[in-house]
Amino acid sequence: MTEQVIVEQNAPHPSIQIIRLNRPEKKNAITRAMYRKITDALVAANADATIKATAILGTEGCFSAGNDLGDFLAAAMGGAMPREIVEFLYAMVRSEKPIVSGVDGLAIGIGTTMHMHCDLTIASARSHFRTPFVDLALVPEAASSLLAPRIMGHQRAFALLALGEGFSGEEARDAGLVWKVSAPDAVEATTLATAAKLAAKPPEALKIARNLIRGDREEIIARIDDEARHFFERLHSTEARAAFEAFMRR
Ligand code: COA
């Protein structure tokens, strides 16, 4: 089986940990096992002095279609709570290395909200950021209900998180969710070059600057927990189960 998350650290950027979502046949939808692997990589990076920055990438034309809806359906039918999602979010918040993400194409659900925990995001114009939480009878996750209004203001955050409107790469940049728009075939190189620039900075100064800029981690963790409580409660609702079943039946 091909690896659905590839974690690499090699030439020409030996100080960058690259985490690549690699399940293109399912639009890089993220399963519990994939979350575990990304979380382990982020936690390991904190303790690894050879890693100066992390880059998160998808595949050509697709960053991620978000949480695997099959996993959600299993949880909605009475399965265990997918704790892996929350553990992954904690790892993003507690990451001590700068994180740069590169998006080309689809970025749905957590495929959008995870960038709110990245320091810089590069996206192609053809990217499509969307969070259909409410349409799936769910609520925002990843502390997006706290971070999105800060990043883009109430109106755009509401359009993204509650109305479920899609944002192109350029709209996401104008809203502050994305730093730079780049040609699709340059997203990866620009993302890695940006991570390499960060990797070359004095590490202690960068770490302190990043901590100051990112603000209170505990406030973000508290919002992740708060949202997760509502999210998992909603996951077991009749309306959410109907939405997942409708997707699986298509
Ligand atoms: N979970 C599980 N499987 C998913 C998935 C998801 N979130 N998103 C896509 N897939 C699967 C599809 O079931 C399909 O599998 P199949 O080939 O075995 O039937 C495959 O990926 C390709 O997806 P498809 O829907 O055919 O591609 P598309 O280009 O027509 O549409 C999307 C892409 C992303 C618009 C559509 O797949 C979609 O709406 N996905 C759900 C997104 C979502 O709601 N995510 C959760 C947010 S909280």
# chains A, B, ... in the order shown; residues from 1 in each chain; ligands from 1

$ closest_atom_pairs --of "chain A" --to "ligand 1" --cutoff "7 Å" --atoms "only C-alpha atoms and all ligand atoms" --output "tab-separated table"
residue	atom	partner	partner_atom_place_in_ligand_line	distance
A:Glu25	CA	ligand 1	20 (C)	5.7
A:Lys26	CA	ligand 1	21 (O)	3.2
A:Lys27	CA	ligand 1	21 (O)	4.9
A:Ala29	CA	ligand 1	6 (C)	4.7
A:Ala65	CA	ligand 1	34 (C)	4.7
A:Gly66	CA	ligand 1	45 (N)	4.5
A:Asn67	CA	ligand 1	46 (C)	5.0
A:Asp68	CA	ligand 1	1 (N)	3.4
A:Leu69	CA	ligand 1	1 (N)	3.9
A:Gly70	CA	ligand 1	2 (C)	5.6
A:Leu106	CA	ligand 1	34 (C)	6.5
A:Ile108	CA	ligand 1	47 (C)	5.6
A:Gly109	CA	ligand 1	47 (C)	3.9
A:Ile110	CA	ligand 1	48 (S)	6.4
A:Thr131	CA	ligand 1	47 (C)	6.0
A:Pro132	CA	ligand 1	47 (C)	5.8
A:Phe133	CA	ligand 1	48 (S)	5.3
A:Met248	CA	ligand 1	13 (O)	6.6

$ residues_around --residues "A:Gly169" --least-positions-apart "6" --cutoff "9 Å" --atoms "only C-alpha atoms" --output "short mmCIF file (atom, residue, chain, number, x, y, z; two decimals) with N, CA and C atoms, in the first residue's frame"
data_model
loop_
_atom_site.label_atom_id
_atom_site.label_comp_id
_atom_site.auth_asym_id
_atom_site.auth_seq_id
_atom_site.Cartn_x
_atom_site.Cartn_y
_atom_site.Cartn_z
N VAL A 103 -0.82 24.95 -0.82
CA VAL A 103 -2.13 24.43 -1.25
C VAL A 103 -2.28 24.62 -2.75
N ASP A 104 -2.62 23.53 -3.41
CA ASP A 104 -3.01 23.62 -4.82
C ASP A 104 -4.32 22.87 -4.98
N GLY A 105 -5.40 23.59 -5.21
CA GLY A 105 -6.68 22.92 -5.45
C GLY A 105 -7.54 22.84 -4.20
N ILE A 122 1.06 29.25 1.16
CA ILE A 122 1.17 29.61 -0.26
C ILE A 122 0.08 28.81 -0.98
N ALA A 123 -0.69 29.45 -1.86
CA ALA A 123 -1.77 28.72 -2.55
C ALA A 123 -1.81 29.11 -4.01
N SER A 124 -2.27 28.19 -4.84
CA SER A 124 -2.50 28.52 -6.24
C SER A 124 -3.84 29.24 -6.35
N ALA A 125 -4.00 30.04 -7.42
CA ALA A 125 -5.25 30.78 -7.62
C ALA A 125 -6.42 29.80 -7.77
N ARG A 126 -6.14 28.61 -8.34
CA ARG A 126 -7.23 27.66 -8.57
C ARG A 126 -7.62 26.91 -7.29
N SER A 127 -7.02 27.26 -6.17
CA SER A 127 -7.37 26.60 -4.91
C SER A 127 -8.80 26.95 -4.52
N HIS A 128 -9.38 26.06 -3.74
CA HIS A 128 -10.77 26.24 -3.32
C HIS A 128 -10.86 25.89 -1.85
N PHE A 129 -10.97 26.94 -1.03
CA PHE A 129 -11.05 26.76 0.43
C PHE A 129 -12.54 26.78 0.81
N VAL A 178 -4.21 33.30 3.45
CA VAL A 178 -3.09 32.87 2.61
C VAL A 178 -2.12 34.03 2.49
N LYS A 180 0.64 34.16 0.04
CA LYS A 180 0.98 34.45 -1.35
C LYS A 180 0.27 33.50 -2.29
N VAL A 181 -0.11 34.02 -3.45
CA VAL A 181 -0.67 33.17 -4.50
C VAL A 181 0.44 32.89 -5.50
N SER A 182 0.51 31.63 -5.90
CA SER A 182 1.58 31.27 -6.83
C SER A 182 1.01 30.36 -7.92
#

$ residues_around --residues "stretch 43-60 of chain A" --least-positions-apart "6" --cutoff "6 Å" --atoms "only C-alpha atoms" --output "PyMOL selection string"
chain A and resi 15-21+96-102+195+199

$ atom_distance --atom1 "atom CA of A:Arg234" --atom2 "atom CA of A:Ala175"
28.4 Å

$ closest_residue --among "A:Ala80, A:Ala107, A:Ile224, A:Ala200" --to "A:Leu147" --atoms "only C-alpha atoms"
A:Ile224

$ select_by_dssp --residues "stretch 40-125 of chain A" --states "strand (DSSP E or B)" --output "list in words"
Ala53, Thr54, Ala55, Ile56, Leu57, Thr59, Cys62, Phe63, Ser64, Asn67, Ile99, Val100, Ser101, Gly102, Val103, Leu106, Ala107, Ile108, Leu120, Thr121, Ile122, Ala123 and Ser124 of chain A

$ residues_around --residues "A:Ala74" --least-positions-apart "3" --cutoff "12 Å" --atoms "only C-alpha atoms" --output "number ranges by chain"
A: 31-32, 68-71, 77-82, 235-236, 240-241, 244-245, 248

$ write_last_selection --atoms "N, CA and C atoms" --output "JSON list (two decimals), in the first residue's frame"
[["chain", "number", "residue", "atom", "x", "y", "z"],
["A", 31, "THR", "N", -7.71, 10.24, 7.28],
["A", 31, "THR", "CA", -8.22, 9.18, 8.16],
["A", 31, "THR", "C", -7.58, 9.31, 9.54],
["A", 32, "ARG", "N", -8.08, 8.51, 10.46],
["A", 32, "ARG", "CA", -7.53, 8.53, 11.82],
["A", 32, "ARG", "C", -6.05, 8.14, 11.80],
["A", 68, "ASP", "N", -11.97, 12.29, 6.75],
["A", 68, "ASP", "CA", -12.57, 11.17, 6.05],
["A", 68, "ASP", "C", -14.01, 11.00, 6.55],
["A", 69, "LEU", "N", -14.97, 11.13, 5.62],
["A", 69, "LEU", "CA", -16.37, 11.10, 6.04],
["A", 69, "LEU", "C", -16.81, 9.70, 6.45],
["A", 70, "GLY", "N", -16.08, 8.68, 5.99],
["A", 70, "GLY", "CA", -16.36, 7.31, 6.44],
["A", 70, "GLY", "C", -16.06, 7.19, 7.94],
["A", 71, "ASP", "N", -14.98, 7.80, 8.38],
["A", 71, "ASP", "CA", -14.64, 7.81, 9.82],
["A", 71, "ASP", "C", -15.72, 8.54, 10.61],
["A", 77, "MET", "N", -22.39, 6.48, 13.97],
["A", 77, "MET", "CA", -23.16, 5.25, 14.19],
["A", 77, "MET", "C", -22.84, 4.63, 15.56],
["A", 78, "GLY", "N", -22.13, 5.38, 16.39],
["A", 78, "GLY", "CA", -21.88, 4.88, 17.74],
["A", 78, "GLY", "C", -20.46, 4.41, 17.96],
["A", 79, "GLY", "N", -19.59, 4.61, 16.97],
["A", 79, "GLY", "CA", -18.18, 4.23, 17.13],
["A", 79, "GLY", "C", -17.47, 5.16, 18.10],
["A", 80, "ALA", "N", -16.18, 4.88, 18.30],
["A", 80, "ALA", "CA", -15.41, 5.70, 19.25],
["A", 80, "ALA", "C", -15.25, 7.11, 18.70],
["A", 81, "MET", "N", -15.11, 8.05, 19.59],
["A", 81, "MET", "CA", -14.83, 9.43, 19.19],
["A", 81, "MET", "C", -13.47, 9.47, 18.49],
["A", 82, "PRO", "N", -13.38, 10.11, 17.33],
["A", 82, "PRO", "CA", -12.07, 10.21, 16.68],
["A", 82, "PRO", "C", -11.15, 11.20, 17.42],
["A", 235, "LEU", "N", -22.08, 15.25, 15.91],
["A", 235, "LEU", "CA", -21.75, 14.07, 15.11],
["A", 235, "LEU", "C", -22.75, 12.94, 15.33],
["A", 236, "HIS", "N", -23.31, 12.90, 16.52],
["A", 236, "HIS", "CA", -24.26, 11.84, 16.84],
["A", 236, "HIS", "C", -25.71, 12.24, 16.56],
["A", 240, "ALA", "N", -26.77, 14.98, 11.22],
["A", 240, "ALA", "CA", -25.39, 14.75, 10.75],
["A", 240, "ALA", "C", -25.29, 13.37, 10.11],
["A", 241, "ARG", "N", -25.88, 12.36, 10.74],
["A", 241, "ARG", "CA", -25.82, 11.01, 10.18],
["A", 241, "ARG", "C", -26.43, 11.00, 8.78],
["A", 244, "PHE", "N", -23.91, 12.45, 6.27],
["A", 244, "PHE", "CA", -22.79, 11.55, 5.93],
["A", 244, "PHE", "C", -23.29, 10.41, 5.05],
["A", 245, "GLU", "N", -24.47, 9.88, 5.39],
["A", 245, "GLU", "CA", -25.00, 8.77, 4.60],
["A", 245, "GLU", "C", -25.28, 9.22, 3.18],
["A", 248, "MET", "N", -22.00, 9.19, 1.37],
["A", 248, "MET", "CA", -21.50, 7.85, 1.11],
["A", 248, "MET", "C", -22.32, 7.15, 0.02]]

$ atom_distance --atom1 "atom CA of A:Ile30" --atom2 "atom CA of A:Ser144"
17.9 Å

$ residues_around --residues "A:Ala157" --least-positions-apart "2" --cutoff "12 Å" --atoms "only C-alpha atoms" --output "number ranges by chain"
A: 113, 116, 130-131, 140, 144-155, 159-167, 172, 175-177

$ residues_around --residues "A:Glu239" --least-positions-apart "4" --cutoff "8 Å" --atoms "only C-alpha atoms" --output "JSON, numbers by chain"
{"A": [136, 137, 243]}

$ write_last_selection --atoms "N, CA, C and O atoms" --output "PDB file, in the first residue's frame"
ATOM      1  N   LEU A 136     -23.067  20.025   6.897  1.00  0.00           N
ATOM      2  CA  LEU A 136     -22.978  18.624   7.345  1.00  0.00           C
ATOM      3  C   LEU A 136     -23.593  18.461   8.742  1.00  0.00           C
ATOM      4  O   LEU A 136     -23.411  17.432   9.388  1.00  0.00           O
ATOM      5  N   ALA A 137     -24.286  19.508   9.195  1.00  0.00           N
ATOM      6  CA  ALA A 137     -24.912  19.505  10.533  1.00  0.00           C
ATOM      7  C   ALA A 137     -23.859  19.442  11.637  1.00  0.00           C
ATOM      8  O   ALA A 137     -24.094  18.891  12.708  1.00  0.00           O
ATOM      9  N   ALA A 243     -26.542  13.447   6.679  1.00  0.00           N
ATOM     10  CA  ALA A 243     -25.637  14.132   5.741  1.00  0.00           C
ATOM     11  C   ALA A 243     -24.491  13.210   5.327  1.00  0.00           C
ATOM     12  O   ALA A 243     -24.130  13.144   4.144  1.00  0.00           O
TER      13      ALA A 243
END

$ decode --residues "stretch 88-109 of chain A" --atoms "N, CA, C and O atoms" --output "JSON list (two decimals), in the first residue's frame"
[["chain", "number", "residue", "atom", "x", "y", "z"],
["A", 88, "PHE", "N", -4.17, 15.84, 16.84],
["A", 88, "PHE", "CA", -3.48, 16.52, 15.73],
["A", 88, "PHE", "C", -3.51, 18.03, 15.92],
["A", 88, "PHE", "O", -2.49, 18.72, 15.77],
["A", 89, "LEU", "N", -4.67, 18.55, 16.30],
["A", 89, "LEU", "CA", -4.78, 20.01, 16.48],
["A", 89, "LEU", "C", -3.90, 20.48, 17.63],
["A", 89, "LEU", "O", -3.23, 21.52, 17.52],
["A", 90, "TYR", "N", -3.88, 19.73, 18.71],
["A", 90, "TYR", "CA", -2.98, 20.09, 19.82],
["A", 90, "TYR", "C", -1.53, 20.15, 19.31],
["A", 90, "TYR", "O", -0.77, 21.05, 19.67],
["A", 91, "ALA", "N", -1.16, 19.17, 18.50],
["A", 91, "ALA", "CA", 0.22, 19.12, 18.00],
["A", 91, "ALA", "C", 0.53, 20.33, 17.12],
["A", 91, "ALA", "O", 1.64, 20.88, 17.16],
["A", 92, "MET", "N", -0.46, 20.77, 16.33],
["A", 92, "MET", "CA", -0.25, 21.98, 15.51],
["A", 92, "MET", "C", -0.03, 23.19, 16.41],
["A", 92, "MET", "O", 0.89, 23.98, 16.20],
["A", 93, "VAL", "N", -0.89, 23.31, 17.43],
["A", 93, "VAL", "CA", -0.80, 24.48, 18.32],
["A", 93, "VAL", "C", 0.52, 24.45, 19.10],
["A", 93, "VAL", "O", 1.14, 25.49, 19.31],
["A", 94, "ARG", "N", 0.93, 23.25, 19.51],
["A", 94, "ARG", "CA", 2.12, 23.15, 20.37],
["A", 94, "ARG", "C", 3.41, 23.00, 19.58],
["A", 94, "ARG", "O", 4.49, 22.87, 20.18],
["A", 95, "SER", "N", 3.31, 23.03, 18.25],
["A", 95, "SER", "CA", 4.52, 22.91, 17.44],
["A", 95, "SER", "C", 5.48, 24.06, 17.77],
["A", 95, "SER", "O", 5.08, 25.22, 17.86],
["A", 96, "GLU", "N", 6.73, 23.70, 17.97],
["A", 96, "GLU", "CA", 7.73, 24.73, 18.28],
["A", 96, "GLU", "C", 8.51, 25.16, 17.05],
["A", 96, "GLU", "O", 9.40, 26.01, 17.13],
["A", 97, "LYS", "N", 8.21, 24.53, 15.93],
["A", 97, "LYS", "CA", 8.90, 24.90, 14.69],
["A", 97, "LYS", "C", 7.91, 25.65, 13.80],
["A", 97, "LYS", "O", 6.71, 25.35, 13.82],
["A", 98, "PRO", "N", 8.40, 26.64, 13.02],
["A", 98, "PRO", "CA", 7.48, 27.33, 12.11],
["A", 98, "PRO", "C", 6.89, 26.35, 11.09],
["A", 98, "PRO", "O", 7.59, 25.42, 10.66],
["A", 99, "ILE", "N", 5.64, 26.57, 10.75],
["A", 99, "ILE", "CA", 4.97, 25.68, 9.79],
["A", 99, "ILE", "C", 4.55, 26.49, 8.57],
["A", 99, "ILE", "O", 3.86, 27.52, 8.70],
["A", 100, "VAL", "N", 4.95, 26.03, 7.39],
["A", 100, "VAL", "CA", 4.57, 26.66, 6.13],
["A", 100, "VAL", "C", 3.75, 25.63, 5.36],
["A", 100, "VAL", "O", 4.13, 24.47, 5.28],
["A", 101, "SER", "N", 2.60, 26.06, 4.82],
["A", 101, "SER", "CA", 1.80, 25.10, 4.06],
["A", 101, "SER", "C", 1.66, 25.55, 2.62],
["A", 101, "SER", "O", 1.73, 26.75, 2.32],
["A", 102, "GLY", "N", 1.48, 24.57, 1.74],
["A", 102, "GLY", "CA", 1.31, 24.84, 0.32],
["A", 102, "GLY", "C", 0.05, 24.17, -0.18],
["A", 102, "GLY", "O", -0.14, 22.97, 0.04],
["A", 103, "VAL", "N", -0.82, 24.95, -0.82],
["A", 103, "VAL", "CA", -2.13, 24.43, -1.25],
["A", 103, "VAL", "C", -2.28, 24.62, -2.75],
["A", 103, "VAL", "O", -2.13, 25.72, -3.26],
["A", 104, "ASP", "N", -2.62, 23.53, -3.41],
["A", 104, "ASP", "CA", -3.01, 23.62, -4.82],
["A", 104, "ASP", "C", -4.32, 22.87, -4.98],
["A", 104, "ASP", "O", -4.35, 21.64, -4.86],
["A", 105, "GLY", "N", -5.40, 23.59, -5.21],
["A", 105, "GLY", "CA", -6.68, 22.92, -5.45],
["A", 105, "GLY", "C", -7.54, 22.84, -4.20],
["A", 105, "GLY", "O", -7.60, 23.76, -3.40],
["A", 106, "LEU", "N", -8.19, 21.67, -4.04],
["A", 106, "LEU", "CA", -9.18, 21.51, -2.97],
["A", 106, "LEU", "C", -8.59, 21.64, -1.58],
["A", 106, "LEU", "O", -7.57, 21.01, -1.28],
["A", 107, "ALA", "N", -9.26, 22.40, -0.73],
["A", 107, "ALA", "CA", -8.86, 22.51, 0.68],
["A", 107, "ALA", "C", -10.18, 22.63, 1.46],
["A", 107, "ALA", "O", -10.70, 23.72, 1.65],
["A", 108, "ILE", "N", -10.71, 21.48, 1.85],
["A", 108, "ILE", "CA", -12.05, 21.44, 2.45],
["A", 108, "ILE", "C", -11.96, 21.11, 3.94],
["A", 108, "ILE", "O", -11.14, 20.30, 4.35],
["A", 109, "GLY", "N", -12.86, 21.71, 4.71],
["A", 109, "GLY", "CA", -12.95, 21.38, 6.15],
["A", 109, "GLY", "C", -11.61, 21.65, 6.84],
["A", 109, "GLY", "O", -11.06, 22.76, 6.77]]
